[in-house]
>>> print(open('structure22.cif').read())   # mmCIF, C-alpha atoms
data_entry
#
loop_
_atom_site.label_atom_id
_atom_site.label_comp_id
_atom_site.auth_asym_id
_atom_site.auth_seq_id
_atom_site.Cartn_x
_atom_site.Cartn_y
_atom_site.Cartn_z
CA MET S 49 0.00 0.00 0.00
CA ARG S 50 1.34 3.34 -0.95
CA THR S 51 -0.36 5.28 1.83
CA ALA S 52 0.71 3.01 4.69
CA PRO S 53 4.14 4.60 5.33
CA PHE S 54 2.60 8.07 5.33
CA ALA S 55 -0.13 6.92 7.68
CA SER S 56 2.40 5.57 10.14
CA LEU S 57 4.45 8.73 9.78
CA ARG S 58 1.38 10.84 10.44
CA SER S 59 0.50 8.81 13.51
CA LEU S 60 4.04 9.34 14.76
CA PHE S 61 3.58 13.10 14.75
CA ALA S 62 -0.10 13.15 15.55
CA THR S 63 -1.22 14.96 18.68
CA SER S 64 -2.95 12.91 21.35
CA ASP S 65 -6.64 13.36 22.12
CA GLU S 66 -5.73 15.01 25.38
CA GLN S 67 -3.39 17.52 23.69
CA ALA S 68 -6.01 18.34 21.07
CA MET S 69 -8.73 18.80 23.69
CA TRP S 70 -6.42 21.00 25.74
CA ARG S 71 -6.00 23.23 22.69
CA VAL S 72 -9.74 23.31 22.23
CA ARG S 73 -10.19 24.26 25.86
CA THR S 74 -7.50 26.92 26.09
CA GLN S 75 -7.40 28.37 22.55
CA ASP S 76 -10.76 27.37 21.07
CA ASP S 77 -8.69 25.65 18.42
CA GLU S 78 -11.11 24.66 15.67
CA ARG S 79 -8.58 22.47 13.85
CA ALA S 80 -7.89 20.46 16.99
CA PHE S 81 -11.63 20.07 17.48
CA ALA S 82 -12.08 18.89 13.89
CA GLN S 83 -9.30 16.37 14.50
CA LEU S 84 -11.10 14.99 17.54
CA VAL S 85 -14.36 14.78 15.60
CA ARG S 86 -12.65 12.89 12.78
CA ARG S 87 -11.18 10.40 15.22
CA TRP S 88 -14.22 9.82 17.39
CA GLU S 89 -17.25 10.41 15.20
CA GLY S 90 -17.43 6.76 14.11
CA PRO S 91 -17.29 5.19 17.61
CA ILE S 92 -19.78 7.70 19.03
CA GLN S 93 -22.18 7.16 16.10
CA ARG S 94 -21.99 3.42 16.69
CA LEU S 95 -22.58 3.85 20.42
CA GLY S 96 -25.67 5.97 19.73
CA ALA S 97 -26.92 3.47 17.15
CA ARG S 98 -26.44 0.50 19.48
CA MET S 99 -27.93 2.22 22.50
CA THR S 100 -31.00 3.53 20.67
CA GLY S 101 -31.25 0.78 18.06
CA ASP S 102 -31.40 3.43 15.35
CA VAL S 103 -28.50 4.22 13.04
CA HIS S 104 -29.85 7.63 12.02
CA ARG S 105 -30.42 8.61 15.62
CA GLY S 106 -26.87 7.48 16.33
CA GLU S 107 -25.59 10.00 13.80
CA ASP S 108 -27.67 12.76 15.38
CA LEU S 109 -26.45 11.79 18.82
CA ALA S 110 -22.84 11.97 17.64
CA GLN S 111 -23.45 15.51 16.39
CA GLU S 112 -25.08 16.46 19.69
CA THR S 113 -22.20 14.86 21.60
CA PHE S 114 -19.57 16.94 19.81
CA ALA S 115 -21.66 20.07 20.15
CA ARG S 116 -21.80 19.41 23.89
CA VAL S 117 -18.06 18.66 24.03
CA PHE S 118 -17.37 22.08 22.52
CA ALA S 119 -19.91 23.82 24.73
CA LYS S 120 -18.43 22.19 27.85
CA ARG S 121 -14.79 22.46 26.75
CA LYS S 122 -13.91 24.55 29.82
CA ASP S 123 -15.04 21.67 32.05
CA TYR S 124 -12.51 19.28 30.56
CA GLN S 125 -9.92 18.17 33.11
CA PRO S 126 -6.60 17.31 31.45
CA SER S 127 -5.72 14.89 34.25
CA GLY S 128 -8.22 12.35 32.90
CA LYS S 129 -8.45 10.57 29.58
CA PHE S 130 -10.35 12.44 26.90
CA SER S 131 -12.10 9.28 25.73
CA THR S 132 -13.53 8.60 29.21
CA TRP S 133 -15.02 12.09 29.30
CA LEU S 134 -16.33 11.76 25.74
CA TRP S 135 -17.97 8.37 26.33
CA ARG S 136 -19.64 9.75 29.44
CA ILE S 137 -21.10 12.74 27.57
CA ALA S 138 -22.30 10.51 24.73
CA LEU S 139 -23.88 8.03 27.14
CA ASN S 140 -25.72 10.76 29.02
CA LEU S 141 -27.15 12.00 25.73
CA CYS S 142 -28.18 8.43 24.88
CA TYR S 143 -29.96 8.09 28.24
CA ASP S 144 -31.74 11.43 27.67
CA GLU S 145 -32.84 10.25 24.25
CA LEU S 146 -34.10 6.91 25.60
CA ARG S 147 -36.11 8.66 28.32
CA ARG S 148 -37.58 11.13 25.85
CA ARG S 149 -38.53 8.24 23.62
CA GLN S 150 -40.10 6.37 26.51
CA ARG S 151 -42.19 9.41 27.48
CA ARG S 152 -43.26 9.87 23.86
CA GLU S 153 -44.30 6.26 23.57
CA GLU S 154 -46.20 6.39 26.83
CA SER S 155 -48.12 9.51 25.82
CA SER S 156 -48.73 9.03 22.10
CA LEU S 157 -48.88 5.26 21.82
CA ASP S 158 -50.80 4.70 25.00
CA GLY S 159 -53.67 3.05 23.26
CA MET S 160 -51.66 0.97 20.86
CA CYS S 161 -51.05 -2.67 21.47
CA GLY S 162 -47.59 -4.25 21.68
CA GLU S 163 -47.77 -5.68 18.20
CA ALA S 164 -48.35 -2.30 16.67
CA VAL S 165 -45.39 -0.87 18.59
CA ALA S 166 -43.18 -3.70 17.38
CA ALA S 167 -44.38 -3.18 13.82
CA LEU S 168 -43.61 0.51 14.09
CA GLU S 169 -40.18 -0.23 15.51
CA ALA S 170 -39.51 -2.62 12.66
CA PHE S 171 -40.67 0.06 10.22
CA VAL S 172 -38.33 2.73 11.55
CA ALA S 173 -35.42 0.31 11.83
CA PRO S 174 -32.54 1.19 9.50
CA ASP S 175 -32.40 -0.39 6.09
CA PRO S 176 -29.93 -3.27 6.08
CA PRO S 177 -27.12 -3.31 3.54
CA PRO S 178 -28.40 -4.73 0.24
CA ASP S 179 -25.74 -7.40 -0.13
CA ARG S 180 -26.66 -9.35 2.98
CA SER S 181 -28.86 -12.38 2.83
CA LEU S 182 -32.38 -12.29 4.18
CA VAL S 183 -31.56 -14.75 6.99
CA GLU S 184 -28.67 -12.61 8.16
CA GLN S 185 -30.79 -9.47 8.00
CA GLU S 186 -33.53 -11.05 10.07
CA ARG S 187 -31.06 -12.42 12.61
CA SER S 188 -29.46 -9.00 12.86
CA GLU S 189 -32.89 -7.49 13.48
CA LEU S 190 -33.61 -10.07 16.21
CA VAL S 191 -30.39 -9.23 18.01
CA ARG S 192 -31.09 -5.50 17.74
CA HIS S 193 -34.55 -6.02 19.16
CA ALA S 194 -33.26 -8.22 22.02
CA LEU S 195 -30.63 -5.66 22.91
CA MET S 196 -33.30 -2.97 23.12
CA GLN S 197 -35.08 -5.04 25.74
CA LEU S 198 -32.09 -5.00 28.10
CA SER S 199 -32.02 -2.39 30.82
CA GLU S 200 -29.83 0.67 30.11
CA ALA S 201 -27.17 -0.42 32.61
CA TYR S 202 -26.74 -3.86 31.06
CA ARG S 203 -26.96 -2.59 27.49
CA THR S 204 -24.32 0.08 28.17
CA VAL S 205 -21.79 -2.42 29.48
CA LEU S 206 -22.50 -4.87 26.69
CA VAL S 207 -22.19 -2.23 23.95
CA LEU S 208 -18.99 -0.75 25.36
CA ARG S 209 -17.30 -4.10 25.98
CA HIS S 210 -18.51 -6.23 23.12
CA TYR S 211 -19.03 -3.77 20.29
CA GLU S 212 -16.64 -0.95 21.15
CA ASN S 213 -14.01 -3.22 22.70
CA LEU S 214 -13.31 -1.15 25.82
CA LYS S 215 -11.62 -2.98 28.68
CA PHE S 216 -13.65 -3.63 31.82
CA ARG S 217 -11.37 -1.22 33.68
CA GLU S 218 -12.06 1.55 31.14
CA ILE S 219 -15.81 0.96 31.34
CA ALA S 220 -15.57 1.18 35.13
CA GLY S 221 -13.88 4.58 34.64
CA VAL S 222 -16.58 5.82 32.26
CA LEU S 223 -19.45 4.68 34.48
CA ASP S 224 -17.64 5.49 37.73
CA VAL S 225 -18.43 2.10 39.25
CA PRO S 226 -16.12 -0.72 40.47
CA GLU S 227 -14.69 -3.04 37.85
CA GLY S 228 -16.35 -6.02 39.53
CA THR S 229 -19.74 -4.35 39.05
CA VAL S 230 -19.04 -3.94 35.34
CA LYS S 231 -18.14 -7.61 35.01
CA SER S 232 -21.21 -8.80 36.92
CA ARG S 233 -23.41 -6.54 34.73
CA MET S 234 -21.75 -8.00 31.67
CA ALA S 235 -22.42 -11.54 32.86
CA GLU S 236 -26.05 -10.65 33.53
CA ALA S 237 -26.37 -8.91 30.15
CA LEU S 238 -25.02 -11.96 28.31
CA THR S 239 -27.29 -14.25 30.32
CA GLN S 240 -30.34 -12.13 29.47
CA MET S 241 -29.35 -11.90 25.81
CA GLY S 242 -29.02 -15.68 25.67
CA ARG S 243 -32.43 -16.04 27.29
CA LEU S 244 -34.01 -13.48 24.92
CA LEU S 245 -32.44 -14.83 21.76
CA LYS S 246 -33.01 -18.49 22.45
CA PRO S 247 -36.76 -18.49 21.75
CA MET S 248 -36.39 -16.04 18.88
CA LEU S 249 -33.73 -18.02 17.07
CA ALA S 250 -35.22 -21.37 18.04
CA GLY S 251 -38.44 -20.50 16.21
CA GLY S 252 -36.52 -19.70 13.07
CA VAL S 253 -35.35 -16.35 11.91
CA LYS S 254 -38.76 -15.54 10.48
CA THR S 255 -40.31 -15.80 13.92
CA ASP S 256 -42.33 -12.78 14.90
CA LEU S 257 -40.46 -10.61 17.36
CA ASN S 258 -43.15 -10.66 20.00
CA ARG S 259 -44.08 -14.30 19.74
CA ASN S 260 -43.80 -16.01 23.09
CA SER S 261 -43.49 -19.55 21.83
CA GLN S 262 -41.18 -21.98 23.56
CA PRO S 263 -38.05 -23.02 21.72
CA GLU S 264 -38.06 -26.34 19.96
CA GLU S 265 -34.42 -26.43 19.11
CA SER S 266 -31.73 -23.86 19.38
CA LEU S 267 -30.06 -22.72 16.20
CA MET S 268 -27.11 -21.04 17.73
CA LEU S 269 -26.72 -22.51 21.18
CA MET D 188 -15.67 -27.90 43.96
CA ASN D 189 -14.71 -24.26 44.16
CA HIS D 190 -16.17 -22.60 41.05
CA PRO D 191 -14.75 -19.38 39.62
CA THR D 192 -17.03 -16.36 39.89
CA ARG D 193 -18.95 -15.08 36.88
CA GLU D 194 -16.82 -11.94 37.00
CA GLU D 195 -13.78 -14.14 36.49
CA TRP D 196 -15.51 -15.91 33.63
CA MET D 197 -16.18 -12.54 31.98
CA SER D 198 -12.47 -11.75 32.13
CA TYR D 199 -11.84 -15.20 30.67
CA LEU D 200 -14.32 -14.72 27.80
CA TYR D 201 -12.95 -11.29 26.90
CA ASP D 202 -9.31 -12.29 27.30
CA GLU D 203 -8.45 -9.94 30.14
CA LEU D 204 -6.50 -12.43 32.26
CA THR D 205 -2.87 -13.19 32.82
CA ALA D 206 -1.57 -16.42 31.31
CA GLU D 207 -1.54 -18.03 34.73
CA GLU D 208 -5.15 -17.08 35.51
CA LEU D 209 -6.21 -18.18 32.05
CA SER D 210 -4.66 -21.63 32.39
CA GLY D 211 -6.26 -22.03 35.81
CA LEU D 212 -9.73 -21.26 34.49
CA ALA D 213 -9.23 -23.40 31.40
CA ALA D 214 -8.23 -26.32 33.61
CA HIS D 215 -11.37 -25.85 35.69
CA LEU D 216 -13.52 -25.65 32.58
CA ALA D 217 -12.16 -28.97 31.39
CA VAL D 218 -13.32 -30.76 34.52
CA CYS D 219 -16.48 -28.86 35.54
CA PRO D 220 -19.57 -29.56 33.37
CA ASP D 221 -21.68 -26.90 35.16
CA CYS D 222 -19.23 -24.11 34.44
CA LYS D 223 -18.74 -25.42 30.92
CA THR D 224 -22.48 -25.13 30.25
CA ARG D 225 -22.60 -21.61 31.63
CA VAL D 226 -19.59 -20.48 29.66
CA ASN D 227 -20.92 -22.08 26.47
CA ASP D 228 -24.21 -20.21 26.91
CA TRP D 229 -22.34 -16.94 27.25
CA ARG D 230 -20.19 -17.78 24.24
CA ALA D 231 -23.28 -18.46 22.16
CA ALA D 232 -24.85 -15.17 23.25
CA ARG D 233 -21.64 -13.37 22.30
CA LYS D 234 -21.62 -15.01 18.91
CA ASN D 235 -25.21 -13.93 18.32
CA LEU D 236 -24.31 -10.35 19.20
CA ASP D 237 -22.00 -10.29 16.21
CA SER D 238 -24.97 -10.83 13.91
CA TRP D 239 -26.00 -7.19 14.36
CA GLN D 240 -23.81 -5.38 11.86
CA LEU D 241 -24.24 -1.67 11.42
CA PRO D 242 -24.26 -0.41 7.85
CA ALA D 243 -20.99 1.22 6.94
CA ARG D 244 -21.58 4.90 6.54
CA PRO D 245 -19.17 7.55 5.40
CA VAL D 246 -17.94 9.61 8.30
CA ARG D 247 -19.40 13.06 8.19
CA VAL D 248 -16.84 15.62 9.19
CA PRO D 249 -18.44 18.86 10.31
CA VAL D 250 -16.51 21.58 8.55
CA GLN D 251 -15.93 24.93 10.09
CA ARG D 252 -18.27 27.75 9.21
CA PRO D 253 -15.64 30.17 7.82
CA LEU D 254 -14.30 27.36 5.69
CA VAL D 255 -17.76 26.76 4.29
CA ARG D 256 -18.11 30.43 3.43
CA TRP D 257 -14.74 30.52 1.74
CA ALA D 258 -15.47 27.32 -0.11
CA ALA D 259 -18.83 28.69 -1.26
CA ALA D 260 -17.20 31.95 -2.37
CA ALA D 261 -14.45 30.08 -4.20
CA ALA D 262 -16.98 27.80 -5.87
CA LEU D 263 -19.06 30.81 -6.91
CA MET D 264 -16.05 32.60 -8.37
CA LEU D 265 -14.95 29.47 -10.18
CA GLY D 266 -18.44 29.04 -11.57
CA ILE D 267 -18.63 32.64 -12.75
CA GLY D 268 -15.15 32.42 -14.23
CA PHE D 269 -15.95 29.21 -16.00
CA GLY D 270 -19.25 30.55 -17.31
CA VAL D 271 -17.74 33.77 -18.59
CA GLY D 272 -14.84 31.92 -20.15
CA ARG D 273 -17.11 29.33 -21.66
CA PHE D 274 -19.42 31.85 -23.32
CA ALA D 275 -16.74 34.40 -24.24
CA THR D 276 -14.64 31.80 -26.05
CA PRO D 277 -15.66 30.63 -29.52
CA ALA D 278 -17.06 27.15 -29.59
CA THR D 279 -14.20 25.86 -31.71
CA ALA D 280 -11.55 27.01 -29.31
CA ASN D 281 -10.39 24.26 -27.08
CA ALA D 282 -7.92 23.99 -24.25
CA GLU D 283 -5.08 22.83 -26.47
CA LYS D 284 -5.43 25.81 -28.76
CA ILE D 285 -5.58 28.25 -25.90
CA ARG D 286 -2.57 26.61 -24.39
CA ALA D 287 -0.68 26.71 -27.69
CA THR D 288 -1.51 30.40 -28.02
CA ILE D 289 -0.60 31.61 -24.59
CA GLU D 290 2.14 29.20 -23.63
CA PRO D 291 5.00 30.77 -25.69
CA ALA D 292 4.10 34.25 -24.47
CA ILE D 293 3.98 33.12 -20.86
CA ARG D 294 7.22 31.20 -21.27
CA GLN D 295 8.90 34.25 -22.85
CA GLN D 296 7.66 36.54 -20.13
CA LEU D 297 8.72 34.13 -17.41
CA ARG D 298 12.13 33.74 -19.01
CA GLN D 299 12.61 37.51 -19.15
CA GLU D 300 11.50 37.94 -15.59
CA PHE D 301 13.76 35.17 -14.39
CA THR D 302 16.72 36.54 -16.38
CA GLN D 303 16.19 40.02 -14.99
CA LEU D 304 15.84 38.63 -11.51
CA LEU D 305 18.98 36.57 -11.89
CA ARG D 306 20.90 39.53 -13.27
CA ASP D 307 19.82 41.77 -10.44
CA GLU D 308 20.77 39.17 -7.91
CA LEU D 309 24.17 38.65 -9.55
CA ASP D 310 24.85 42.39 -9.64
CA LYS D 311 23.92 42.71 -6.05
CA ALA D 312 26.08 39.77 -5.09
CA THR D 313 29.05 41.04 -7.15
CA SER D 314 28.94 44.57 -5.78
CA ALA D 315 28.61 43.25 -2.28
CA THR D 316 31.56 40.93 -2.83
CA LEU D 317 33.68 43.67 -4.35
CA ALA D 318 32.91 46.11 -1.60
CA ALA D 319 33.69 43.52 0.96
CA SER D 320 36.93 42.45 -0.75
CA GLY D 321 38.13 46.12 -1.24
CA GLU D 322 37.58 46.81 2.38
CA GLN D 323 39.40 43.66 3.28
CA THR D 324 42.34 44.44 1.03
CA LYS D 325 42.68 47.91 2.50
CA HIS D 326 42.66 46.45 5.91
CA TRP D 327 45.29 43.92 4.98
CA ILE D 328 47.57 46.60 3.45
CA GLU D 329 47.31 48.68 6.59
CA ASP D 330 48.22 45.68 8.66
CA TYR D 331 51.12 44.87 6.36
CA SER D 332 52.56 48.40 6.43
CA GLN D 333 52.30 48.50 10.19
CA ALA D 334 54.04 45.15 10.44
CA LEU D 335 56.72 46.30 7.99
CA GLU D 336 57.34 49.50 9.91
CA ALA D 337 57.60 47.62 13.16
CA LYS D 338 60.07 45.22 11.61
CA HIS D 339 62.12 48.08 10.18
CA THR D 340 62.32 49.80 13.54
CA GLU D 341 63.32 46.57 15.16
CA ASP D 342 66.04 45.96 12.57
CA SER D 343 67.43 49.50 12.92
CA GLN D 344 67.64 49.11 16.64
CA ALA D 345 69.41 45.80 16.25
CA ILE D 346 71.93 47.26 13.77
CA ARG D 347 72.52 50.25 15.97
CA ALA D 348 73.14 48.04 18.96
CA ALA D 349 75.51 45.85 16.94
CA LEU D 350 77.47 48.88 15.70
CA SER D 351 77.69 50.24 19.18
CA ARG D 352 79.01 46.92 20.42
CA LEU D 353 81.54 46.82 17.56
CA GLU D 354 82.75 50.35 18.28
CA SER D 355 83.26 49.68 21.96
CA GLN D 356 85.13 46.48 21.11
CA LEU D 357 87.34 48.38 18.69
CA LEU D 358 88.09 51.02 21.28
CA ALA D 359 88.98 48.37 23.80
CA ASP D 360 91.27 46.73 21.25
CA VAL D 361 93.01 50.04 20.50
CA VAL D 362 93.56 50.74 24.19
CA SER D 363 94.94 47.27 24.69
CA LEU D 364 97.23 47.64 21.67
CA LYS D 365 98.45 51.00 22.86
CA LYS D 366 99.30 49.54 26.23
CA ASP D 367 101.20 46.76 24.56
CA VAL D 368 103.07 49.23 22.34
CA ASP D 369 103.92 51.37 25.35
CA THR D 370 105.20 48.35 27.18
CA VAL D 371 107.31 47.36 24.21
CA ALA D 372 108.59 50.94 23.97
CA VAL D 373 109.48 51.00 27.64
CA TYR D 374 111.30 47.71 27.35
CA ALA D 375 113.07 48.87 24.23
CA ASP D 376 114.08 52.12 25.86
CA ALA D 377 115.44 50.27 28.88
CA GLY D 378 117.35 47.90 26.60
CA LEU D 379 118.84 50.78 24.70
CA ARG D 380 119.85 52.51 27.87
CA ARG D 381 121.47 49.33 29.13
CA ALA D 382 123.31 48.87 25.85
CA ARG D 383 124.50 52.45 25.97
CA GLN D 384 125.80 52.03 29.48
CA ASP D 385 127.50 48.84 28.42
CA LEU D 386 129.15 50.71 25.57
CA VAL D 387 130.22 53.53 27.87
CA GLN D 388 131.72 51.07 30.35
CA LEU D 389 133.43 49.29 27.53
CA ALA D 390 134.82 52.51 26.33
CA ASP D 391 136.03 53.39 29.81
CA PHE D 392 137.86 50.08 30.05
CA ALA D 393 139.57 50.61 26.79
CA GLN D 394 140.71 54.25 27.36
CA PRO D 395 142.80 53.84 30.49
CA ALA D 396 144.81 51.14 28.86
CA ASN D 397 145.56 53.45 26.00
CA THR D 398 146.65 56.32 28.26
CA SER D 399 149.19 54.27 30.32
CA ASN D 400 151.13 53.14 27.25
CA SER D 401 151.46 56.61 25.75
CA PRO D 402 153.92 59.35 26.97
CA GLN D 403 152.77 62.30 29.02
CA LYS D 404 152.90 65.69 27.41
#
>>> encode(input="structure22.cif", output="structure tokens")
Amino acid sequence: MRTAPFASLRSLFATSDEQAMWRVRTQDDERAFAQLVRRWEGPIQRLGARMTGDVHRGEDLAQETFARVFAKRKDYQPSGKFSTWLWRIALNLCYDELRRRQRREESSLDGMCGEAVAALEAFVAPDPPPDRSLVEQERSELVRHALMQLSEAYRTVLVLRHYENLKFREIAGVLDVPEGTVKSRMAEALTQMGRLLKPMLAGGVKTDLNRNSQPEESLML
Amino acid sequence: MNHPTREEWMSYLYDELTAEELSGLAAHLAVCPDCKTRVNDWRAARKNLDSWQLPARPVRVPVQRPLVRWAAAAALMLGIGFGVGRFATPATANAEKIRATIEPAIRQQLRQEFTQLLRDELDKATSATLAASGEQTKHWIEDYSQALEAKHTEDSQAIRAALSRLESQLLADVVSLKKDVDTVAVYADAGLRRARQDLVQLADFAQPANTSNSPQK
């Protein structure tokens, strides 16, 4: 690859997240801020998408996160890791969004039955990539739906550890809880996911999301 | 049997253990069917999680507002320029023709400008060098004349001192010679006197003998 040596050279001279954020804080450095956005927009978009189950909302949440980072730049403490601070801001925005959504559903969809809600959720779900098979798409949708049924605390740990590959220690720093708590939440999250997915996958990938049938045979387990 | 905690199993599943801890848990897993079932359930759940793939989307980089304005202004100017150029130029004219027309003129102009620039720079460099070298030469000549004068003075003093030494030596030699000559003269005079006395005595001896043999008058 022709660009590889230049990429490694660039990374050699690249400023750290903490240095860039310090420039943003002290000098309102727009270039440093753009650098941080470039580096972190993808992970924060993914976090938002996984937490809300909506890719488009994930993009909006990433924008809101960086807007808040800039607005709160004077609160940044250089003694801590920038990523810890950023994850925390993004997660708080995700929680706000989930609570807003819950209130909306409670008020506007009060009269609607569960099936209709599920149908609506399926309707607003992001379009899958066109090259994936139908079975894969449906399995992906089942997992997304199961993840949305986890409590926020379990979903957060699962998303950060499994999808974003943060260490348990780092997650403990973001959530400000002991590392043991993070691990026990992770174990519970995996247990619940297994329990949720078992009947869904056992009934075949075309099983309705809200069907409460008992599993005949597990596909994946 | 002492089973590992589920927290430990999480570290095991996500590979956050030391080699020693890992081998300990693996050994337990090999002999404990209960733990094996639990861990397999978690592994299956993990595998299912990977089924949810997010669509790859291009990263949107929010550009800065001034940059957007400048970009818009530049795009507008480019558009206007292109439009004007496009409609002002005859349809047959193409880029190659325009290039062929203006390239020699631009080359000529550039060559002239570069030549003039080079000449100016050379003149400047030459005059600066000459001025610097003239000043240097003058300085050197002054130094040389001073050194020469100093050397001349030194030589004169040395010659004068040598002459003075020679003169005093000569004087000393003359005095010494004179003394020697005087001494020789004194000795010679004394010798002469002695010889004269000897002659007188000899004469006295001879005369009485002569007188006794001759008759008295």
>>> resolve_selection(input="structure22.cif", expression="the PyMOL selection byres ((chain S) within 8 of (chain D))", output="PyMOL selection string")
chain S and resi 78+82+85-86+89-90+94+103+176-177+184+187-189+191-192+210+215+228+231-232+234-235+238-239+241-242+245+268-269
>>> write_last_selection(input="structure22.cif", atoms="C-alpha atoms", output="mmCIF file, in the frame of the given file")
data_model
loop_
_atom_site.group_PDB
_atom_site.id
_atom_site.type_symbol
_atom_site.label_atom_id
_atom_site.label_comp_id
_atom_site.auth_asym_id
_atom_site.auth_seq_id
_atom_site.Cartn_x
_atom_site.Cartn_y
_atom_site.Cartn_z
ATOM 1 C CA GLU S 78 -11.110 24.660 15.670
ATOM 2 C CA ALA S 82 -12.080 18.890 13.890
ATOM 3 C CA VAL S 85 -14.360 14.780 15.600
ATOM 4 C CA ARG S 86 -12.650 12.890 12.780
ATOM 5 C CA GLU S 89 -17.250 10.410 15.200
ATOM 6 C CA GLY S 90 -17.430 6.760 14.110
ATOM 7 C CA ARG S 94 -21.990 3.420 16.690
ATOM 8 C CA VAL S 103 -28.500 4.220 13.040
ATOM 9 C CA PRO S 176 -29.930 -3.270 6.080
ATOM 10 C CA PRO S 177 -27.120 -3.310 3.540
ATOM 11 C CA GLU S 184 -28.670 -12.610 8.160
ATOM 12 C CA ARG S 187 -31.060 -12.420 12.610
ATOM 13 C CA SER S 188 -29.460 -9.000 12.860
ATOM 14 C CA GLU S 189 -32.890 -7.490 13.480
ATOM 15 C CA VAL S 191 -30.390 -9.230 18.010
ATOM 16 C CA ARG S 192 -31.090 -5.500 17.740
ATOM 17 C CA HIS S 210 -18.510 -6.230 23.120
ATOM 18 C CA LYS S 215 -11.620 -2.980 28.680
ATOM 19 C CA GLY S 228 -16.350 -6.020 39.530
ATOM 20 C CA LYS S 231 -18.140 -7.610 35.010
ATOM 21 C CA SER S 232 -21.210 -8.800 36.920
ATOM 22 C CA MET S 234 -21.750 -8.000 31.670
ATOM 23 C CA ALA S 235 -22.420 -11.540 32.860
ATOM 24 C CA LEU S 238 -25.020 -11.960 28.310
ATOM 25 C CA THR S 239 -27.290 -14.250 30.320
ATOM 26 C CA MET S 241 -29.350 -11.900 25.810
ATOM 27 C CA GLY S 242 -29.020 -15.680 25.670
ATOM 28 C CA LEU S 245 -32.440 -14.830 21.760
ATOM 29 C CA MET S 268 -27.110 -21.040 17.730
ATOM 30 C CA LEU S 269 -26.720 -22.510 21.180
#
>>> residues_around(input="structure22.cif", residues="range 138-150 of chain S", least_positions_apart="5", cutoff="7 Å", atoms="all atoms listed in the file", output="PyMOL selection string")
chain S and resi 92+96+99-100+109+113
>>> resolve_selection(input="structure22.cif", expression="the PyMOL selection byres ((chain S and resi 212) around 12)", output="list in words")
Trp88, Gly90, Pro91, Ile92, Gln93, Arg94, Leu95, Gly96, Ala97, Arg98, Met99, Trp135, Thr204, Val205, Leu206, Val207, Leu208, Arg209, His210, Tyr211, Asn213, Leu214, Lys215, Phe216, Glu218 and Ile219 of chain S; Asp237 of chain D
>>> atom_distance(input="structure22.cif", atom1="CA of Gln83 in chain S", atom2="CA of Arg121 in chain S")
14.7 Å
>>> residues_around(input="structure22.cif", residues="Ala68 in chain S", least_positions_apart="5", cutoff="8 Å", atoms="only C-alpha atoms", output="ChimeraX atom specification")
/S:63,80-81,83-84
>>> atom_distance(input="structure22.cif", atom1="CA of Ser343 in chain D", atom2="CA of Lys325 in chain D")
26.9 Å
>>> atom_distance(input="structure22.cif", atom1="CA of Ala359 in chain D", atom2="CA of Ala372 in chain D")
19.8 Å
>>> closest_residue(input="structure22.cif", among="S:Arg243, S:His193, S:Arg203, S:Arg71", to="Lys122 in chain S", atoms="only C-alpha atoms")
S:Arg71
